[in-house]
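Peer 1: What follows is protein.txt, compact mmCIF, C-alpha atoms.
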# COMPACT_ATOMS: atom_id res chain seq x y z
CA MET A 45 -10.57 17.82 -6.66
CA SER A 46 -10.22 21.38 -7.85
CA ALA A 47 -12.60 24.33 -7.78
CA ASP A 48 -13.95 23.37 -11.22
CA THR A 49 -14.24 19.64 -10.42
CA PRO A 50 -17.43 18.60 -8.65
CA SER A 51 -17.26 16.25 -5.70
CA LEU A 52 -17.86 12.59 -6.49
CA SER A 53 -19.18 11.87 -2.99
CA GLY A 54 -22.26 9.70 -3.47
CA TYR A 55 -21.17 8.46 -6.87
CA LEU A 56 -20.05 5.08 -8.11
CA LEU A 57 -16.74 4.54 -9.81
CA VAL A 58 -17.11 1.85 -12.44
CA ALA A 59 -13.86 0.23 -13.58
CA THR A 60 -13.33 0.40 -17.32
CA PRO A 61 -11.70 -2.47 -19.22
CA ILE A 62 -8.40 -0.58 -18.96
CA ILE A 63 -8.21 -1.88 -15.40
CA ASP A 64 -7.67 -5.59 -15.72
CA GLY A 65 -5.93 -6.54 -12.50
CA PRO A 66 -7.01 -7.09 -8.92
CA PRO A 67 -8.48 -5.61 -6.86
CA PHE A 68 -10.19 -3.18 -9.23
CA ARG A 69 -10.99 -5.30 -12.29
CA ARG A 70 -14.74 -4.84 -13.04
CA SER A 71 -15.14 -3.22 -9.66
CA VAL A 72 -17.83 -0.80 -8.59
CA ILE A 73 -16.72 1.57 -5.84
CA TYR A 74 -18.98 3.75 -3.73
CA ILE A 75 -17.26 7.08 -3.06
CA GLY A 76 -18.13 8.19 0.46
CA GLU A 77 -15.82 11.19 0.64
CA HIS A 78 -14.21 13.31 -2.07
CA ASP A 79 -12.65 16.70 -1.49
CA THR A 80 -9.38 18.56 -2.06
CA SER A 81 -7.49 16.15 0.22
CA GLY A 82 -8.48 13.11 -1.87
CA ALA A 83 -11.16 10.44 -2.02
CA LEU A 84 -12.26 7.44 0.03
CA GLY A 85 -14.62 4.63 -0.91
CA VAL A 86 -15.30 0.91 -0.75
CA ILE A 87 -15.55 -1.72 -3.46
CA LEU A 88 -19.17 -2.85 -3.39
CA ASN A 89 -18.87 -5.97 -5.52
CA SER A 90 -15.97 -7.92 -4.07
CA PRO A 91 -17.26 -10.48 -1.57
CA SER A 92 -14.63 -12.64 0.08
CA ARG A 93 -15.00 -16.20 1.29
CA LEU A 94 -14.58 -15.04 4.87
CA SER A 95 -17.83 -15.18 6.82
CA VAL A 96 -18.76 -12.28 9.10
CA VAL A 97 -19.40 -14.84 11.86
CA GLU A 98 -15.67 -15.72 11.74
CA VAL A 99 -14.43 -12.17 12.40
CA LEU A 100 -17.29 -10.16 13.93
CA PRO A 101 -19.81 -12.72 15.21
CA GLU A 102 -21.74 -10.05 17.12
CA LEU A 103 -22.72 -8.46 13.79
CA THR A 104 -23.92 -11.63 12.06
CA HIS A 105 -27.61 -11.11 12.85
CA LEU A 106 -27.48 -7.61 11.31
CA THR A 107 -25.48 -8.46 8.18
CA SER A 108 -27.14 -8.25 4.79
CA ASP A 109 -26.99 -11.25 2.45
CA PRO A 110 -24.54 -12.60 1.70
CA PRO A 111 -23.17 -12.54 5.27
CA VAL A 112 -19.52 -12.35 4.20
CA VAL A 113 -16.77 -9.79 4.57
CA TYR A 114 -16.32 -7.71 1.42
CA LEU A 115 -12.92 -6.55 0.20
CA GLY A 116 -13.32 -2.77 0.41
CA GLY A 117 -10.02 -2.03 -1.24
CA PRO A 118 -6.29 -2.39 -0.95
CA VAL A 119 -5.80 0.13 1.89
CA GLN A 120 -5.73 -1.11 5.51
CA THR A 121 -7.17 -4.53 4.72
CA ASP A 122 -6.70 -5.55 8.35
CA ALA A 123 -9.26 -2.95 9.49
CA ALA A 124 -13.04 -3.37 9.31
CA MET A 125 -15.27 -0.69 7.88
CA VAL A 126 -18.96 -1.20 8.56
CA LEU A 127 -21.66 0.41 6.44
CA ALA A 128 -25.09 0.39 8.08
CA GLN A 129 -28.60 1.58 7.41
CA SER A 130 -30.24 3.10 10.48
CA LYS A 131 -32.85 5.82 10.99
CA GLY A 132 -31.55 7.66 14.05
CA CYS A 133 -27.81 7.05 14.06
CA GLN A 134 -24.90 9.46 14.38
CA PHE A 135 -22.60 7.98 11.74
CA ALA A 136 -18.80 8.04 11.91
CA MET A 137 -18.96 9.00 8.23
CA GLU A 138 -22.19 10.00 6.52
CA THR A 139 -23.13 9.16 2.95
CA THR A 140 -25.42 10.97 0.56
CA PHE A 141 -28.25 8.85 1.97
CA ALA A 142 -29.43 10.27 5.31
CA ASP A 143 -29.97 6.84 6.86
CA ILE A 144 -26.77 5.12 5.65
CA GLY A 145 -23.21 5.61 6.87
CA LEU A 146 -20.15 4.11 8.49
CA VAL A 147 -20.56 2.89 12.05
CA ASP A 148 -18.34 1.61 14.83
CA PRO A 149 -18.24 -2.21 14.49
CA ALA A 150 -18.24 -2.50 18.29
CA ASN A 151 -21.40 -0.41 18.63
CA PRO A 152 -23.80 -0.81 15.68
CA PRO A 153 -27.12 1.02 15.94
CA ALA A 154 -29.92 -1.01 17.53
CA ASP A 155 -32.31 -0.17 14.67
CA THR A 156 -29.94 -1.36 11.90
CA THR A 157 -31.91 -2.67 8.92
CA ALA A 158 -28.93 -3.45 6.65
CA LEU A 159 -25.24 -3.86 7.33
CA ARG A 160 -22.16 -4.76 5.31
CA VAL A 161 -18.62 -5.38 6.60
CA TYR A 162 -15.60 -4.38 4.50
CA ALA A 163 -11.95 -5.30 4.97
CA GLY A 164 -10.09 -2.14 4.06
CA PHE A 165 -11.00 0.67 1.73
CA SER A 166 -10.01 2.36 -1.51
CA GLY A 167 -8.29 5.71 -1.28
CA TRP A 168 -6.78 8.38 -3.52
CA GLY A 169 -4.55 11.35 -2.75
CA PRO A 170 -5.22 14.90 -3.90
CA GLY A 171 -5.97 14.96 -7.63
CA GLN A 172 -5.18 11.25 -8.09
CA LEU A 173 -8.74 10.10 -8.75
CA GLU A 174 -9.42 12.94 -11.16
CA GLU A 175 -6.28 11.99 -13.09
CA GLU A 176 -7.37 8.34 -13.29
CA ILE A 177 -10.78 9.40 -14.62
CA ILE A 178 -9.16 11.59 -17.29
CA MET A 179 -6.91 8.64 -18.27
CA GLY A 180 -10.06 6.55 -18.84
CA SER A 181 -9.71 4.14 -15.90
CA TRP A 182 -13.11 4.95 -14.38
CA TRP A 183 -16.61 5.86 -15.45
CA THR A 184 -18.95 7.51 -12.96
CA THR A 185 -22.64 7.37 -12.22
CA GLU A 186 -24.77 8.40 -9.25
CA ALA A 187 -25.11 5.73 -6.61
CA ARG A 188 -28.51 4.33 -5.76
CA ARG A 189 -29.56 3.09 -2.37
CA GLU A 190 -29.93 -0.49 -3.64
CA ASP A 191 -26.29 -0.49 -4.84
CA LEU A 192 -24.94 -0.29 -1.29
CA PHE A 193 -26.50 -3.51 -0.03
CA ALA A 194 -26.99 -5.44 -3.27
CA SER A 195 -27.89 -9.09 -2.82
CA GLU A 196 -25.76 -11.99 -3.93
CA GLY A 197 -26.09 -12.58 -7.64
CA VAL A 198 -26.68 -8.92 -8.54
CA ASP A 199 -24.12 -7.87 -11.17
CA LEU A 200 -23.38 -4.31 -10.03
CA TRP A 201 -20.83 -3.71 -12.79
CA THR A 202 -23.30 -4.59 -15.55
CA ASN A 203 -26.10 -2.61 -13.88
CA ALA A 204 -23.89 0.46 -13.51
CA VAL A 205 -22.70 0.31 -17.14
CA ARG A 206 -26.33 0.05 -18.29
CA ARG A 207 -27.15 3.16 -16.23
CA ILE A 208 -24.30 5.07 -17.82
CA GLY A 209 -25.52 3.96 -21.25
CA GLY A 210 -24.39 5.32 -24.60
CA ARG A 211 -21.32 3.83 -26.23
CA LYS A 212 -20.29 2.25 -22.95
CA LEU A 213 -22.98 -0.40 -23.48
CA PHE A 214 -20.63 -1.94 -26.03
CA TYR A 215 -18.43 -3.07 -23.13
CA LEU A 216 -21.17 -5.31 -21.80
CA THR A 217 -20.20 -7.71 -24.58
CA TYR A 218 -16.52 -7.45 -23.68
CA PRO A 219 -15.42 -10.93 -22.58
CA ASP A 220 -14.44 -11.48 -18.97
CA ASP A 221 -11.17 -12.90 -20.27
CA PRO A 222 -10.21 -11.20 -23.58
CA THR A 223 -7.76 -14.01 -24.39
CA MET A 224 -10.77 -16.34 -24.74
CA ASN A 225 -12.27 -14.19 -27.51
Would you mind writing the structure in this file as structure tokens?
Peer 2:
Amino acid sequence: MSADTPSLSGYLLVATPIIDGPPFRRSVIYIGEHDTSGALGVILNSPSRLSVVEVLPELTHLTSDPPVVYLGGPVQTDAAMVLAQSKGCQFAMETTFADIGLVDPANPPADTTALRVYAGFSGWGPGQLEEEIIMGSWWTTEARREDLFASEGVDLWTNAVRRIGGRKLFYLTYPDDPTMN
């Protein structure tokens, strides 16, 4: 991020068709922090088959549906990041929503109304994300509260592309597997 580049904290990164490999293919990433030292976020639409009860059973009753661990990104996949919605919490990392942020998995707020567990995160060094956006790897749009705890079956990628609109709507007809076209 430079002086003339606005912060993308609170925005979604939406993978363009240029990105066709895991873990970012058709991903939607919430950017929690973005400044001159880089960016940090989590992939919102990558549920795993691993149940929260298997790794953090004490959080199961707080977990939003589906109660699985999400793949937050390729960095530190052995570490849990927990995003929670709580009215009076001091968050380890705040978001652009006053009542949503990262919490300590060992000490979630008692008044948690939504919670999602991520294995790892997505991160970029100084200027790296901006370069990827210029190269056409990512589109951006403001995040909405409902994006962060979307229910199973919600197609975040399609919803985000619709929000962006314009010529990008053409990509909604882009086949999941272009070789099948």
Peer 1: Determine, counting only C-alpha atoms, every residue of protein, DNA or RNA that lies within 7 Å of (-20.2, 10.5, -1.9) in the file coordinates, then give the result as a VMD selection string.
Peer 2: chain A and resid 52 to 55 75 to 78 139 to 140
Peer 1: Using only C-alpha atoms for the distances, tell me which of A:Gly164, A:Thr157, A:Trp183, A:Leu216 is nearest to Ser108 of chain A.
Peer 2: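 Of A:Gly164, A:Thr157, A:Trp183, A:Leu216, the one nearest Ser108 of chain A, counting only C-alpha atoms, is A:Thr157.
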Peer 1: Would you list the contacts of Gly180 of chain A as a ChimeraX atom specification, taking every protein, DNA or RNA residue within 8 Å and counting only C-alpha atoms, but skipping same-chain residues closer than 4 positions in sequence?
Peer 2: /A:60,62,176
Peer 1: Which one is closest to Ala154 of chain A: A:Glu138, A:Lys131, A:Ala204, A:Gly171? Count only C-alpha atoms.
Peer 2: A:Lys131
Peer 1: Taking (-26.1, 6.6, -18.4) in the file's coordinates, which residues come within 12 Å, counting only C-alpha atoms, written as a list in words?
Peer 2: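 It turns out the residues near that spot are Val58, Trp183, Thr184, Thr185, Glu186, Ala187, Thr202, Asn203, Ala204, Val205, Arg206, Arg207, Ile208, Gly209, Gly210, Arg211, Lys212 and Leu213 of chain A.
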Peer 1: Can you list every residue of segment 82-104 of chain A that has an atom at most 6 Å from segment 109-112 of chain A, with its nearest atom pair and the distance in Å to one decimal, using only C-alpha atoms, ordered by chain then number, as JSON lines?
Peer 2:
{"residue": "A:Leu94", "atom": "CA", "partner": "A:Val112", "partner_atom": "CA", "distance": 5.7}
{"residue": "A:Ser95", "atom": "CA", "partner": "A:Val112", "partner_atom": "CA", "distance": 4.2}
{"residue": "A:Val96", "atom": "CA", "partner": "A:Val112", "partner_atom": "CA", "distance": 5.0}
Peer 1: Quick check, in Å to one decimal: how far apart do atom CA of Pro149 of chain A and atom CA of Asp199 of chain A lie?
Peer 2: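 One can read the atom CA of Pro149 of chain A to atom CA of Asp199 of chain A distance as 26.9 Å.
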Peer 1: Name the closest residue to Pro91 of chain A among the candidates A:Val119, A:Ala163, A:Leu146, A:Ala158; distances are taken between atoms, counting only C-alpha atoms.
Peer 2: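 Residue with the minimum atom-to-atom distance to Pro91 of chain A: A:Ala163.
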Peer 1: Quick one: of A:Pro66, A:Pro118, A:Gly145, A:Pro61, who's nearest to Pro219 of chain A, counting only C-alpha atoms?
Peer 2: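 When distances to Pro219 of chain A are compared using only C-alpha atoms, the smallest one comes from A:Pro61.
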Peer 1: Between A:Ala83, A:Ile144, A:Met125, A:Val113, which residue has the minimum interatomic distance to Trp168 of chain A, considering all atoms listed in the file?
Peer 2: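 Checking each candidate against Trp168 of chain A, we get A:Ala83 as the closest.
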Peer 1: A:Ala194, A:Leu57, A:Val161, A:Ala124: which is nearest Leu84 of chain A, counting all atoms listed in the file?
Peer 2: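 Once distances to Leu84 of chain A are computed over all atoms listed in the file, the minimum belongs to A:Leu57.
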Peer 1: Enter the distance from atom CA of Arg160 of chain A to atom CA of Arg189 of chain A, in Å, rounded to one decimal.
Peer 2: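 Computed distance, atom CA of Arg160 of chain A to atom CA of Arg189 of chain A, equals 13.2 Å.
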Peer 1: Please compute the atom CA of Leu100 of chain A-atom CA of Val72 of chain A distance, one decimal, in Å.
Peer 2: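 Interatomic distance, atom CA of Leu100 of chain A to atom CA of Val72 of chain A: 24.4 Å.
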Peer 1: Give me the residues near Ala142 of chain A as a list in words, where near means some atom within 12 Å (using only C-alpha atoms) and where sequence neighbours in that chain fewer than 5 positions away do not count.
Peer 2: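 Contacts, with the query itself left out: Gly54, Ala128, Gln129, Ser130, Lys131, Gly132, Cys133, Gln134, Phe135, Met137 and Arg189 of chain A.
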